[in-house]
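S.K.: This is the content of input.cif (mmCIF, C-alpha atoms):
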data_structure
loop_
_atom_site.label_atom_id
_atom_site.label_comp_id
_atom_site.auth_asym_id
_atom_site.auth_seq_id
_atom_site.Cartn_x
_atom_site.Cartn_y
_atom_site.Cartn_z
CA VAL A 174 -65.74 4.47 -27.79
CA GLU A 175 -67.66 7.70 -27.51
CA LYS A 176 -71.40 8.07 -27.51
CA SER A 177 -73.23 11.13 -28.71
CA ASN A 178 -72.71 14.12 -26.44
CA LYS A 179 -76.42 14.81 -26.58
CA LYS A 180 -77.12 12.06 -24.08
CA ILE A 181 -74.86 13.37 -21.32
CA SER A 182 -76.80 15.08 -18.54
CA GLY A 183 -75.95 18.55 -17.35
CA GLU A 184 -75.00 17.22 -13.92
CA VAL A 185 -72.42 14.85 -15.42
CA ILE A 186 -71.07 17.60 -17.65
CA LYS A 187 -70.51 19.82 -14.63
CA ARG A 188 -68.30 17.16 -13.10
CA LEU A 189 -66.18 16.59 -16.23
CA PRO A 190 -63.66 19.41 -15.64
CA ARG A 191 -62.82 17.90 -12.27
CA TYR A 192 -62.33 14.43 -13.77
CA TYR A 193 -60.20 16.03 -16.47
CA ARG A 194 -58.08 17.75 -13.83
CA TYR A 195 -57.51 14.58 -11.79
CA LEU A 196 -56.80 12.46 -14.87
CA GLY A 197 -54.34 15.08 -16.11
CA ASP A 198 -52.47 14.88 -12.81
CA LEU A 199 -52.45 11.07 -12.93
CA LYS A 200 -51.18 11.12 -16.50
CA LYS A 201 -48.42 13.53 -15.52
CA SER A 202 -47.43 11.30 -12.62
CA GLY A 203 -46.72 8.54 -15.12
CA LEU A 204 -49.62 6.20 -14.25
CA THR A 205 -51.35 4.49 -17.18
CA LYS A 206 -54.34 2.74 -15.53
CA ILE A 207 -56.53 3.36 -12.52
CA SER A 208 -59.43 1.47 -10.94
CA SER A 209 -62.69 3.23 -10.16
CA THR A 210 -62.05 2.44 -6.47
CA GLU A 211 -58.70 4.19 -6.47
CA LEU A 212 -59.98 7.14 -8.52
CA SER A 213 -62.95 7.48 -6.17
CA ARG A 214 -60.65 7.50 -3.15
CA ARG A 215 -58.55 10.28 -4.62
CA MET A 216 -61.53 12.33 -5.77
CA ASN A 217 -63.59 11.70 -2.65
CA VAL A 218 -66.69 10.47 -4.50
CA THR A 219 -68.22 7.00 -4.54
CA PRO A 220 -66.90 4.38 -7.01
CA SER A 221 -70.45 3.86 -8.31
CA GLN A 222 -70.76 7.58 -9.11
CA ILE A 223 -67.53 7.40 -11.06
CA ARG A 224 -68.61 4.31 -12.97
CA GLN A 225 -71.98 5.87 -13.76
CA ASP A 226 -70.49 9.19 -14.86
CA LEU A 227 -67.80 7.70 -17.05
CA ASN A 228 -70.14 5.13 -18.60
CA CYS A 229 -72.22 8.06 -19.88
CA PHE A 230 -69.72 8.74 -22.60
CA GLY A 231 -68.43 5.25 -23.14
CA GLY A 232 -65.54 5.37 -20.68
CA PHE A 233 -65.91 1.74 -19.69
CA GLY A 234 -63.25 0.37 -17.40
CA GLN A 235 -62.22 -3.23 -17.89
CA GLN A 236 -62.88 -5.69 -15.07
CA GLY A 237 -59.67 -6.27 -13.11
CA TYR A 238 -57.84 -3.69 -15.17
CA GLY A 239 -59.47 -0.35 -14.58
CA TYR A 240 -59.50 2.72 -16.78
CA ASN A 241 -56.87 3.63 -19.30
CA ILE A 242 -55.95 7.08 -18.00
CA GLU A 243 -54.77 8.59 -21.26
CA ASN A 244 -57.80 7.41 -23.26
CA LEU A 245 -60.17 8.67 -20.62
CA TYR A 246 -58.35 12.00 -20.37
CA ASN A 247 -58.47 12.45 -24.15
CA SER A 248 -62.15 11.46 -24.38
CA ILE A 249 -63.17 13.96 -21.73
CA GLY A 250 -60.99 16.62 -23.34
CA LYS A 251 -62.75 16.00 -26.64
CA ILE A 252 -66.20 16.32 -25.08
CA LEU A 253 -65.11 19.58 -23.45
CA GLY A 254 -63.80 20.84 -26.81
CA LEU A 255 -60.19 20.89 -25.65
CA ASP A 256 -58.88 18.72 -28.48
CA SER A 257 -58.17 21.91 -30.40
CA THR A 258 -57.08 25.32 -29.12
CA VAL A 259 -59.82 27.58 -27.73
CA ASP A 260 -58.98 31.16 -28.66
CA THR A 261 -59.75 33.54 -25.83
CA VAL A 262 -59.72 37.29 -25.26
CA ILE A 263 -59.74 39.39 -22.11
CA ILE A 264 -61.87 42.53 -21.92
CA GLY A 265 -60.64 44.83 -19.18
CA ALA A 266 -56.88 45.30 -18.76
CA GLY A 267 -56.91 46.26 -15.08
CA ASN A 268 -55.30 44.34 -12.22
CA LEU A 269 -57.40 41.22 -12.58
CA GLY A 270 -57.32 41.20 -16.39
CA SER A 271 -53.53 41.52 -16.33
CA ALA A 272 -53.18 38.79 -13.72
CA LEU A 273 -55.32 36.42 -15.79
CA ALA A 274 -53.35 37.32 -18.94
CA ASN A 275 -50.11 36.47 -17.17
CA TYR A 276 -51.37 33.15 -15.86
CA LYS A 277 -49.68 30.47 -17.95
CA GLY A 278 -51.95 27.65 -16.80
CA PHE A 279 -54.81 28.45 -19.17
CA GLU A 280 -52.72 27.94 -22.27
CA SER A 281 -51.50 24.55 -21.08
CA ARG A 282 -55.18 23.57 -20.80
CA GLY A 283 -55.94 24.67 -24.35
CA PHE A 284 -57.10 28.26 -23.83
CA LYS A 285 -54.94 30.58 -25.87
CA LEU A 286 -55.00 34.31 -25.15
CA ILE A 287 -55.10 36.10 -28.48
CA GLY A 288 -56.22 39.61 -27.52
CA ILE A 289 -56.73 42.07 -24.67
CA PHE A 290 -59.13 45.00 -24.94
CA ASP A 291 -59.78 48.12 -22.90
CA THR A 292 -61.33 51.57 -23.31
CA SER A 293 -58.73 53.52 -21.34
CA SER A 294 -56.21 55.47 -23.42
CA GLU A 295 -53.66 54.82 -20.68
CA LYS A 296 -53.90 51.09 -21.20
CA ILE A 297 -54.36 50.91 -24.95
CA GLY A 298 -51.01 50.23 -26.62
CA THR A 299 -49.36 48.75 -23.54
CA ILE A 300 -48.15 45.16 -23.68
CA ILE A 301 -49.48 42.54 -21.28
CA ALA A 302 -48.32 38.95 -21.57
CA ASP A 303 -47.02 39.56 -25.13
CA CYS A 304 -50.39 41.00 -26.20
CA GLU A 305 -50.88 44.62 -27.15
CA VAL A 306 -53.92 46.08 -25.42
CA LEU A 307 -56.34 47.12 -28.19
CA PRO A 308 -59.21 49.62 -28.12
CA LEU A 309 -62.48 47.88 -27.32
CA GLN A 310 -64.03 49.34 -30.46
CA ASP A 311 -61.61 47.21 -32.50
CA LEU A 312 -63.13 44.01 -31.13
CA GLU A 313 -65.56 43.69 -34.04
CA ASP A 314 -62.84 43.69 -36.70
CA PHE A 315 -60.64 41.53 -34.51
CA CYS A 316 -63.43 38.94 -34.18
CA LYS A 317 -64.01 38.88 -37.94
CA LYS A 318 -60.35 38.08 -38.51
CA ASN A 319 -59.56 35.85 -35.54
CA MET A 320 -62.87 34.43 -34.35
CA PRO A 321 -62.15 34.05 -30.63
CA LYS A 322 -64.73 31.90 -28.87
CA ILE A 323 -64.45 33.01 -25.28
CA ALA A 324 -64.05 36.36 -23.49
CA MET A 325 -63.13 36.89 -19.87
CA ILE A 326 -64.82 40.05 -18.63
CA THR A 327 -62.87 41.98 -16.01
CA VAL A 328 -64.32 45.46 -16.50
CA PRO A 329 -65.88 47.61 -13.76
CA LYS A 330 -69.32 46.30 -12.81
CA GLY A 331 -71.18 49.24 -14.31
CA ALA A 332 -69.78 48.48 -17.77
CA ALA A 333 -70.25 44.71 -17.71
CA SER A 334 -73.64 44.33 -19.38
CA GLU A 335 -72.91 46.75 -22.19
CA VAL A 336 -69.54 45.10 -22.86
CA ALA A 337 -71.05 41.60 -22.93
CA GLU A 338 -73.82 42.72 -25.28
CA TYR A 339 -71.32 44.32 -27.64
CA ALA A 340 -68.93 41.35 -27.55
CA ALA A 341 -71.78 38.91 -28.18
CA LYS A 342 -72.73 40.97 -31.23
CA CYS A 343 -69.12 40.69 -32.39
CA GLY A 344 -69.46 36.91 -32.25
CA ILE A 345 -68.11 35.87 -28.83
CA LYS A 346 -69.91 32.67 -27.82
CA GLY A 347 -68.97 32.33 -24.17
CA PHE A 348 -68.25 34.72 -21.29
CA LEU A 349 -66.37 34.16 -18.09
CA ASN A 350 -67.79 36.99 -16.00
CA PHE A 351 -65.61 38.22 -13.13
CA THR A 352 -67.60 41.38 -12.41
CA TYR A 353 -69.74 41.87 -9.30
CA THR A 354 -72.92 41.78 -11.34
CA ASP A 355 -74.89 39.39 -13.54
CA VAL A 356 -74.70 39.91 -17.29
CA THR A 357 -77.49 38.97 -19.67
CA VAL A 358 -76.54 37.63 -23.08
CA PRO A 359 -78.50 36.67 -26.19
CA GLU A 360 -79.81 33.16 -26.79
CA GLY A 361 -77.04 30.81 -27.89
CA VAL A 362 -74.38 32.58 -25.85
CA ALA A 363 -73.10 31.09 -22.59
CA VAL A 364 -72.03 32.74 -19.34
CA GLU A 365 -70.14 31.29 -16.42
CA ASN A 366 -69.88 33.53 -13.39
CA MET A 367 -66.81 33.89 -11.20
CA HIS A 368 -68.46 35.98 -8.49
CA ILE A 369 -65.52 36.08 -6.09
CA SER A 370 -67.38 38.19 -3.52
CA ASP A 371 -70.33 35.78 -3.46
CA HIS A 372 -67.96 32.96 -2.57
CA LEU A 373 -66.30 35.07 0.11
CA MET A 374 -69.75 35.65 1.61
CA MET A 375 -70.49 31.92 1.58
CA LEU A 376 -67.18 31.38 3.36
CA SER A 377 -68.03 34.03 5.90
CA TYR A 378 -71.34 32.25 6.55
CA LYS A 379 -69.69 28.85 6.82
CA THR A 380 -66.94 29.98 9.17
CA GLN A 381 -69.66 31.13 11.56
CA ASN A 382 -71.87 28.09 11.24
CA MET A 383 -69.56 25.07 11.03
CA VAL B 234 -87.56 39.63 12.68
CA GLU B 235 -84.91 36.97 12.28
CA LYS B 236 -85.34 33.27 12.85
CA SER B 237 -82.55 30.98 13.94
CA ASN B 238 -79.95 30.45 11.21
CA LYS B 239 -80.03 26.75 11.94
CA LYS B 240 -83.27 26.34 10.05
CA ILE B 241 -82.09 27.79 6.77
CA SER B 242 -81.34 25.12 4.17
CA GLY B 243 -78.04 24.97 2.34
CA GLU B 244 -79.76 25.71 -0.95
CA VAL B 245 -81.25 28.95 0.37
CA ILE B 246 -77.92 29.95 1.89
CA LYS B 247 -76.22 29.53 -1.47
CA ARG B 248 -78.62 32.04 -2.96
CA LEU B 249 -78.16 34.67 -0.23
CA PRO B 250 -75.04 36.35 -1.68
CA ARG B 251 -76.95 37.01 -4.89
CA TYR B 252 -79.91 38.51 -3.00
CA TYR B 253 -77.44 40.58 -1.02
CA ARG B 254 -75.85 41.83 -4.22
CA TYR B 255 -79.15 42.83 -5.84
CA LEU B 256 -80.48 44.44 -2.67
CA GLY B 257 -77.22 46.38 -2.30
CA ASP B 258 -77.65 47.74 -5.82
CA LEU B 259 -81.30 48.66 -5.14
CA LYS B 260 -80.33 50.38 -1.91
CA LYS B 261 -77.63 52.34 -3.72
CA SER B 262 -80.10 53.37 -6.40
CA GLY B 263 -82.17 55.07 -3.70
CA LEU B 264 -85.17 52.70 -3.66
CA THR B 265 -86.62 51.86 -0.27
CA LYS B 266 -89.19 49.15 -1.04
CA ILE B 267 -89.62 46.46 -3.65
CA SER B 268 -92.31 43.88 -4.39
CA SER B 269 -91.43 40.23 -4.80
CA THR B 270 -92.74 40.47 -8.37
CA GLU B 271 -90.38 43.28 -9.26
CA LEU B 272 -87.42 41.67 -7.46
CA SER B 273 -88.14 38.39 -9.25
CA ARG B 274 -88.21 40.16 -12.61
CA ARG B 275 -84.84 41.75 -11.98
CA MET B 276 -83.25 38.59 -10.62
CA ASN B 277 -84.84 36.30 -13.19
CA VAL B 278 -86.31 33.88 -10.64
CA THR B 279 -89.97 33.19 -9.80
CA PRO B 280 -91.77 35.43 -7.26
CA SER B 281 -92.73 32.33 -5.26
CA GLN B 282 -89.07 31.29 -4.99
CA ILE B 283 -88.22 34.74 -3.66
CA ARG B 284 -91.07 34.68 -1.14
CA GLN B 285 -90.08 31.19 0.00
CA ASP B 286 -86.40 32.03 0.32
CA LEU B 287 -86.87 35.28 2.17
CA ASN B 288 -89.53 33.85 4.49
CA CYS B 289 -86.91 31.35 5.67
CA PHE B 290 -85.24 34.00 7.75
CA GLY B 291 -88.22 36.15 8.57
CA GLY B 292 -87.98 38.52 5.62
CA PHE B 293 -91.73 38.86 5.25
CA GLY B 294 -92.95 41.38 2.75
CA GLN B 295 -96.10 43.28 3.56
CA GLN B 296 -99.13 42.81 1.32
CA GLY B 297 -99.38 45.72 -1.10
CA TYR B 298 -96.17 47.22 0.21
CA GLY B 299 -93.39 44.79 -0.56
CA TYR B 300 -90.04 44.36 1.12
CA ASN B 301 -88.17 47.06 2.96
CA ILE B 302 -84.91 46.97 1.01
CA GLU B 303 -82.61 48.21 3.73
CA ASN B 304 -83.99 45.88 6.41
CA LEU B 305 -83.75 42.90 4.11
CA TYR B 306 -80.22 43.86 3.05
CA ASN B 307 -79.13 44.20 6.66
CA SER B 308 -80.77 40.91 7.70
CA ILE B 309 -79.06 38.98 4.95
CA GLY B 310 -75.77 40.69 5.72
CA LYS B 311 -76.11 39.63 9.34
CA ILE B 312 -76.78 36.01 8.41
CA LEU B 313 -73.73 36.07 6.16
CA GLY B 314 -71.63 37.52 8.98
CA LEU B 315 -71.08 40.82 7.21
CA ASP B 316 -72.37 43.00 10.03
CA SER B 317 -68.80 43.20 11.28
CA THR B 318 -65.53 43.28 9.33
CA VAL B 319 -64.19 39.92 8.15
CA ASP B 320 -60.40 40.04 8.39
CA THR B 321 -58.79 38.33 5.42
CA VAL B 322 -55.28 37.41 4.30
CA ILE B 323 -53.84 36.44 0.95
CA ILE B 324 -51.29 33.64 0.69
CA GLY B 325 -49.32 33.90 -2.54
CA ALA B 326 -48.19 37.34 -3.71
CA GLY B 327 -47.96 36.54 -7.43
CA ASN B 328 -50.01 38.10 -10.21
CA LEU B 329 -53.37 36.87 -9.02
CA GLY B 330 -52.67 37.51 -5.33
CA SER B 331 -51.59 41.07 -6.13
CA ALA B 332 -54.64 41.65 -8.32
CA LEU B 333 -56.97 40.45 -5.57
CA ALA B 334 -55.13 42.60 -3.01
CA ASN B 335 -55.60 45.65 -5.20
CA TYR B 336 -59.30 45.03 -5.76
CA LYS B 337 -61.16 47.57 -3.64
CA GLY B 338 -64.55 45.87 -3.91
CA PHE B 339 -63.92 43.28 -1.21
CA GLU B 340 -63.41 45.87 1.49
CA SER B 341 -66.65 47.65 0.61
CA ARG B 342 -68.39 44.29 1.17
CA GLY B 343 -66.84 43.83 4.60
CA PHE B 344 -63.70 41.82 3.76
CA LYS B 345 -60.64 43.65 5.02
CA LEU B 346 -57.22 42.62 3.76
CA ILE B 347 -54.89 42.61 6.77
CA GLY B 348 -51.93 40.58 5.51
CA ILE B 349 -50.18 39.08 2.47
CA PHE B 350 -47.80 36.14 2.75
CA ASP B 351 -45.31 34.49 0.44
CA THR B 352 -42.23 32.28 0.61
CA SER B 353 -40.19 34.04 -2.08
CA SER B 354 -37.42 36.30 -0.81
CA GLU B 355 -38.03 38.51 -3.85
CA LYS B 356 -41.58 39.23 -2.76
CA ILE B 357 -41.15 39.38 1.01
CA GLY B 358 -40.80 42.99 2.12
CA THR B 359 -42.46 44.47 -0.96
CA ILE B 360 -45.65 46.49 -0.51
CA ILE B 361 -48.89 45.46 -2.22
CA ALA B 362 -52.07 47.45 -1.61
CA ASP B 363 -50.55 49.07 1.51
CA CYS B 364 -49.65 45.67 2.96
CA GLU B 365 -46.07 44.50 3.44
CA VAL B 366 -45.62 40.97 2.09
CA LEU B 367 -44.61 38.83 5.08
CA PRO B 368 -42.79 35.47 5.17
CA LEU B 369 -45.28 32.61 5.25
CA GLN B 370 -43.61 31.25 8.37
CA ASP B 371 -44.78 34.35 10.23
CA LEU B 372 -48.43 33.43 9.64
CA GLU B 373 -48.69 31.59 12.95
CA ASP B 374 -47.63 34.61 15.04
CA PHE B 375 -49.68 36.90 12.83
CA CYS B 376 -52.79 34.78 13.41
CA LYS B 377 -52.26 34.77 17.18
CA LYS B 378 -52.19 38.56 17.17
CA ASN B 379 -54.73 39.41 14.47
CA MET B 380 -56.98 36.36 14.14
CA PRO B 381 -57.90 36.61 10.45
CA LYS B 382 -60.81 34.37 9.54
CA ILE B 383 -60.35 33.85 5.82
CA ALA B 384 -57.39 33.20 3.53
CA MET B 385 -57.36 33.42 -0.25
CA ILE B 386 -54.89 30.88 -1.59
CA THR B 387 -53.11 31.94 -4.77
CA VAL B 388 -49.97 29.81 -4.56
CA PRO B 389 -48.73 27.40 -7.25
CA LYS B 390 -50.86 24.28 -7.34
CA GLY B 391 -48.12 22.02 -5.98
CA ALA B 392 -47.94 24.05 -2.76
CA ALA B 393 -51.67 24.46 -2.18
CA SER B 394 -52.41 21.53 0.14
CA GLU B 395 -49.42 22.10 2.37
CA VAL B 396 -50.21 25.81 2.64
CA ALA B 397 -53.85 25.17 3.49
CA GLU B 398 -52.93 22.60 6.12
CA TYR B 399 -50.43 24.98 7.73
CA ALA B 400 -52.82 27.93 7.62
CA ALA B 401 -55.62 25.86 9.13
CA LYS B 402 -53.26 24.91 11.96
CA CYS B 403 -52.59 28.63 12.46
CA GLY B 404 -56.33 29.16 12.93
CA ILE B 405 -57.70 30.20 9.53
CA LYS B 406 -61.32 29.06 9.35
CA GLY B 407 -62.12 29.49 5.67
CA PHE B 408 -60.22 29.23 2.41
CA LEU B 409 -60.96 30.69 -0.98
CA ASN B 410 -58.93 28.35 -3.16
CA PHE B 411 -57.82 29.75 -6.53
CA THR B 412 -55.32 26.99 -7.33
CA TYR B 413 -55.87 24.37 -10.03
CA THR B 414 -56.22 21.62 -7.44
CA ASP B 415 -58.50 20.62 -4.59
CA VAL B 416 -57.28 21.23 -1.05
CA THR B 417 -58.30 19.12 1.90
CA VAL B 418 -58.77 20.85 5.23
CA PRO B 419 -59.51 19.64 8.76
CA GLU B 420 -63.05 19.27 10.10
CA GLY B 421 -64.56 22.62 11.00
CA VAL B 422 -62.68 24.49 8.28
CA ALA B 423 -64.46 25.59 5.09
CA VAL B 424 -63.25 25.76 1.49
CA GLU B 425 -64.81 27.50 -1.49
CA ASN B 426 -63.16 26.77 -4.80
CA MET B 427 -62.58 29.30 -7.55
CA HIS B 428 -61.41 26.83 -10.18
CA ILE B 429 -61.17 29.28 -13.07
CA SER B 430 -59.99 26.63 -15.54
CA ASP B 431 -62.91 24.35 -14.69
CA HIS B 432 -65.31 27.16 -15.58
CA LEU B 433 -63.43 27.85 -18.80
CA MET B 434 -63.85 24.19 -19.71
CA MET B 435 -67.59 24.35 -18.98
CA LEU B 436 -67.79 27.40 -21.26
CA SER B 437 -65.87 25.58 -23.96
CA TYR B 438 -68.37 22.72 -23.71
CA LYS B 439 -71.35 25.04 -23.79
CA THR B 440 -70.14 27.08 -26.75
CA GLN B 441 -70.02 23.83 -28.74
CA ASN B 442 -73.34 22.45 -27.58
CA MET B 443 -75.72 25.40 -27.35
#
For the structure just supplied, provide its representation as structure tokens.
M.R.:
Amino acid sequence: VEKSNKKISGEVIKRLPRYYRYLGDLKKSGLTKISSTELSRRMNVTPSQIRQDLNCFGGFGQQGYGYNIENLYNSIGKILGLDSTVDTVIIGAGNLGSALANYKGFESRGFKLIGIFDTSSEKIGTIIADCEVLPLQDLEDFCKKNMPKIAMITVPKGAASEVAEYAAKCGIKGFLNFTYTDVTVPEGVAVENMHISDHLMMLSYKTQNM
Amino acid sequence: VEKSNKKISGEVIKRLPRYYRYLGDLKKSGLTKISSTELSRRMNVTPSQIRQDLNCFGGFGQQGYGYNIENLYNSIGKILGLDSTVDTVIIGAGNLGSALANYKGFESRGFKLIGIFDTSSEKIGTIIADCEVLPLQDLEDFCKKNMPKIAMITVPKGAASEVAEYAAKCGIKGFLNFTYTDVTVPEGVAVENMHISDHLMMLSYKTQNM
């Protein structure tokens, strides 16, 4: 029941991870069906938005029955590319890199940590979350063998652009950038920014102006 | 040279942290002025967008001279509430909470960590980034004395809503939510979400469809 991904708008795509999250929770709670009204109440969006969004990829609810939670969850997972494991590496084995490596939630969502890289001789060779920290210069060979798709970048801000450029050359297709700077990547490579400080600043603004 | 904050649109506000970040880097590099053309080139937005945005709060560049970097940086900082220290706490002293506590960048941007809270007897009493981890139940007294504005929530997802509700009752005005769930807060309290997994899923989608 799935249409071509090509037709799904960027705005709908942006909302898919949140649907996926809510549907995952519903599935876990043992529910099998849900109406758009009930889903909209839980997600705090309008029922018509939900119907529109889910119709985009053929997630049609049945009148008087609602959505089949598991089907919908699996369809969205497939669109997001989570129907097979997404191999992931971390570049930067500092506090944040280690914390992300130790977070078990990613793997349960399909993101498997297969390597950690750093340039510091103090960190290289140590074990974090069952992964040996490897020298960054080994990333090229590592990528040839293991073809990870995604890298989380948790290096100091001054090194971020160079690291992203190098990793893109090695074949990494997507970056989750945690550094306090923007990174530019070649055409065909994606970046999502986790600018924690930017969000803190927005919060600071909001707490003054609400 | 500053107009009332009230007139600045939400869309402009969302872009301010990024301006602040770029202007901070320019300031550090020793530059004193910059044209909208040059700033737009560096930030990869149109010069007219920059002029429009900055005009919103009275950041008028002078013809043939450009913007005074330090003035602009300070004006934006003031709008964002960064002209005085923003006292911050972390709730959840696990891997991510510890990593955030140890990150020195926040303090240099005006966010001062003044307390870490947890419910686990193993963590309470330990020292992270010069802060003693306190029992979560002490947050109320702590808030009365120290009035922190912002809390980063790094607790397990199942505890997130309850923690946010309690912390809001204690007087916290803004939450940076790192948990894999949405939290609902009372009117007048702000939330910014750092849903890392959602961004990983977006990346997974993009790496398949670019």
S.K.: List the neighbours of segment 325-331 of chain B out to 10 Å using all atoms listed in the file; skip same-chain residues closer than 6 positions along the sequence, and give me the result as an MDAnalysis selection string.
M.R.: (chainID A and resid 268:276) or (chainID B and resid 349:353 356:357 359:362 366:367 369 385:389 392:393 396 411)
S.K.: Quick one: distance from atom CA of Tyr193 of chain A to atom CA of Pro359 of chain A in Å, one decimal?
M.R.: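 Spanning atom CA of Tyr193 of chain A to atom CA of Pro359 of chain A is a straight-line distance of 29.2 Å.
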S.K.: Could you jot down the atom CA of Asp316 of chain B to atom CA of Ile405 of chain B separation for me, Å, one decimal place?
M.R.: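 Separating atom CA of Asp316 of chain B from atom CA of Ile405 of chain B is a distance of 19.5 Å.
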S.K.: What is the distance, in Å and to one decimal place, between atom CA of Cys289 of chain B and atom CA of Tyr252 of chain B?
M.R.: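 That distance, rounded to one decimal, is 13.2 Å.
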S.K.: Since I can't run it myself right now, could you work out what the PyMOL selection byres ((chain B) within 8 of (chain A)) selects here and report it as a PyMOL selection string?
M.R.: chain B and resi 246-247+250-251+254+312-315+319+328-329+331-333+335-336+339+342+382-383+406-409+413-414+421-425+427+429-441+443
S.K.: Find the smallest box with edges along x, y and z containing every listed atom of segment 315-322 of chain B, then add 8 Å on each side and report centre and edge lengths in Å to one decimal, as JSON.
M.R.:
{"center_x": -63.8, "center_y": 40.3, "center_z": 7.8, "size_x": 33.1, "size_y": 21.9, "size_z": 23.0}
S.K.: At a cut-off of 8 Å around the point (-67.7, 41.5, -33.0) (file coordinates), what residues fall inside when counting only C-alpha atoms? I'd like the answer as an mmCIF file with C-alpha atoms, in the coordinates of the input.
M.R.:
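The resulting file, point-v6.cif, is reproduced below:
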data_model
loop_
_atom_site.group_PDB
_atom_site.id
_atom_site.type_symbol
_atom_site.label_atom_id
_atom_site.label_comp_id
_atom_site.auth_asym_id
_atom_site.auth_seq_id
_atom_site.Cartn_x
_atom_site.Cartn_y
_atom_site.Cartn_z
ATOM 1 C CA LEU A 312 -63.130 44.010 -31.130
ATOM 2 C CA GLU A 313 -65.560 43.690 -34.040
ATOM 3 C CA ASP A 314 -62.840 43.690 -36.700
ATOM 4 C CA PHE A 315 -60.640 41.530 -34.510
ATOM 5 C CA CYS A 316 -63.430 38.940 -34.180
ATOM 6 C CA LYS A 317 -64.010 38.880 -37.940
ATOM 7 C CA TYR A 339 -71.320 44.320 -27.640
ATOM 8 C CA ALA A 340 -68.930 41.350 -27.550
ATOM 9 C CA ALA A 341 -71.780 38.910 -28.180
ATOM 10 C CA LYS A 342 -72.730 40.970 -31.230
ATOM 11 C CA CYS A 343 -69.120 40.690 -32.390
ATOM 12 C CA GLY A 344 -69.460 36.910 -32.250
ATOM 13 C CA ILE A 345 -68.110 35.870 -28.830
#
S.K.: For Gly291 of chain B, which residue out of B:Ile309, B:Met380, B:Val322, B:Val278 is the nearest one, using only C-alpha atoms?
M.R.: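 For Gly291 of chain B, the nearest of the candidates is B:Ile309.
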S.K.: With all atoms listed in the file as the atoms that count, which of B:Cys364, B:Ile347, B:Gly243, B:Ile324 lies nearest to Thr412 of chain B?
M.R.: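 Ranking B:Cys364, B:Ile347, B:Gly243, B:Ile324 by distance to Thr412 of chain B, first place goes to B:Ile324.
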S.K.: So which residues get picked by the PyMOL selection byres ((chain A and resi 205) around 9) here, written as a list of chain:residue names?
M.R.: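 Applying the expression gives A:Leu199, A:Lys200, A:Gly203, A:Leu204, A:Lys206, A:Ile207, A:Tyr240, A:Asn241, A:Ile242, A:Glu243.
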S.K.: Please dump the current selection as a PDB file, in the frame of the given file; keep C-alpha atoms.
M.R.:
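Contents of the output file part-v2.pdb:
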ATOM      1  CA  LEU A 199     -52.450  11.070 -12.930  1.00  0.00           C
ATOM      2  CA  LYS A 200     -51.180  11.120 -16.500  1.00  0.00           C
ATOM      3  CA  GLY A 203     -46.720   8.540 -15.120  1.00  0.00           C
ATOM      4  CA  LEU A 204     -49.620   6.200 -14.250  1.00  0.00           C
ATOM      5  CA  LYS A 206     -54.340   2.740 -15.530  1.00  0.00           C
ATOM      6  CA  ILE A 207     -56.530   3.360 -12.520  1.00  0.00           C
ATOM      7  CA  TYR A 240     -59.500   2.720 -16.780  1.00  0.00           C
ATOM      8  CA  ASN A 241     -56.870   3.630 -19.300  1.00  0.00           C
ATOM      9  CA  ILE A 242     -55.950   7.080 -18.000  1.00  0.00           C
ATOM     10  CA  GLU A 243     -54.770   8.590 -21.260  1.00  0.00           C
TER      11      GLU A 243
END
S.K.: With all atoms listed in the file as the atoms that count, which of B:Ser308, B:Ser394, B:Ser269, B:Gln282 lies nearest to Val418 of chain B?
M.R.: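 Checking each candidate against Val418 of chain B, we get B:Ser394 as the closest.
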S.K.: Restore N, CA and C atoms in segment 379-386 of chain B and list the result as a PDB file, in the frame of the given file.
M.R.:
ATOM      1  N   ASN B 379     -53.696  38.723  15.267  1.00  0.00           N
ATOM      2  CA  ASN B 379     -54.730  39.410  14.470  1.00  0.00           C
ATOM      3  C   ASN B 379     -55.961  38.573  14.144  1.00  0.00           C
ATOM      4  N   MET B 380     -55.863  37.276  14.346  1.00  0.00           N
ATOM      5  CA  MET B 380     -56.980  36.360  14.140  1.00  0.00           C
ATOM      6  C   MET B 380     -57.782  36.581  12.853  1.00  0.00           C
ATOM      7  N   PRO B 381     -57.128  36.545  11.699  1.00  0.00           N
ATOM      8  CA  PRO B 381     -57.900  36.610  10.450  1.00  0.00           C
ATOM      9  C   PRO B 381     -58.748  35.354  10.321  1.00  0.00           C
ATOM     10  N   LYS B 382     -59.888  35.497   9.672  1.00  0.00           N
ATOM     11  CA  LYS B 382     -60.810  34.370   9.540  1.00  0.00           C
ATOM     12  C   LYS B 382     -60.611  33.625   8.226  1.00  0.00           C
ATOM     13  N   ILE B 383     -60.326  34.406   7.171  1.00  0.00           N
ATOM     14  CA  ILE B 383     -60.350  33.850   5.820  1.00  0.00           C
ATOM     15  C   ILE B 383     -59.010  34.062   5.132  1.00  0.00           C
ATOM     16  N   ALA B 384     -58.587  33.060   4.366  1.00  0.00           N
ATOM     17  CA  ALA B 384     -57.390  33.200   3.530  1.00  0.00           C
ATOM     18  C   ALA B 384     -57.735  32.881   2.079  1.00  0.00           C
ATOM     19  N   MET B 385     -57.286  33.753   1.169  1.00  0.00           N
ATOM     20  CA  MET B 385     -57.360  33.420  -0.250  1.00  0.00           C
ATOM     21  C   MET B 385     -56.036  32.768  -0.609  1.00  0.00           C
ATOM     22  N   ILE B 386     -56.102  31.609  -1.230  1.00  0.00           N
ATOM     23  CA  ILE B 386     -54.890  30.880  -1.590  1.00  0.00           C
ATOM     24  C   ILE B 386     -54.613  31.044  -3.073  1.00  0.00           C
TER      25      ILE B 386
END
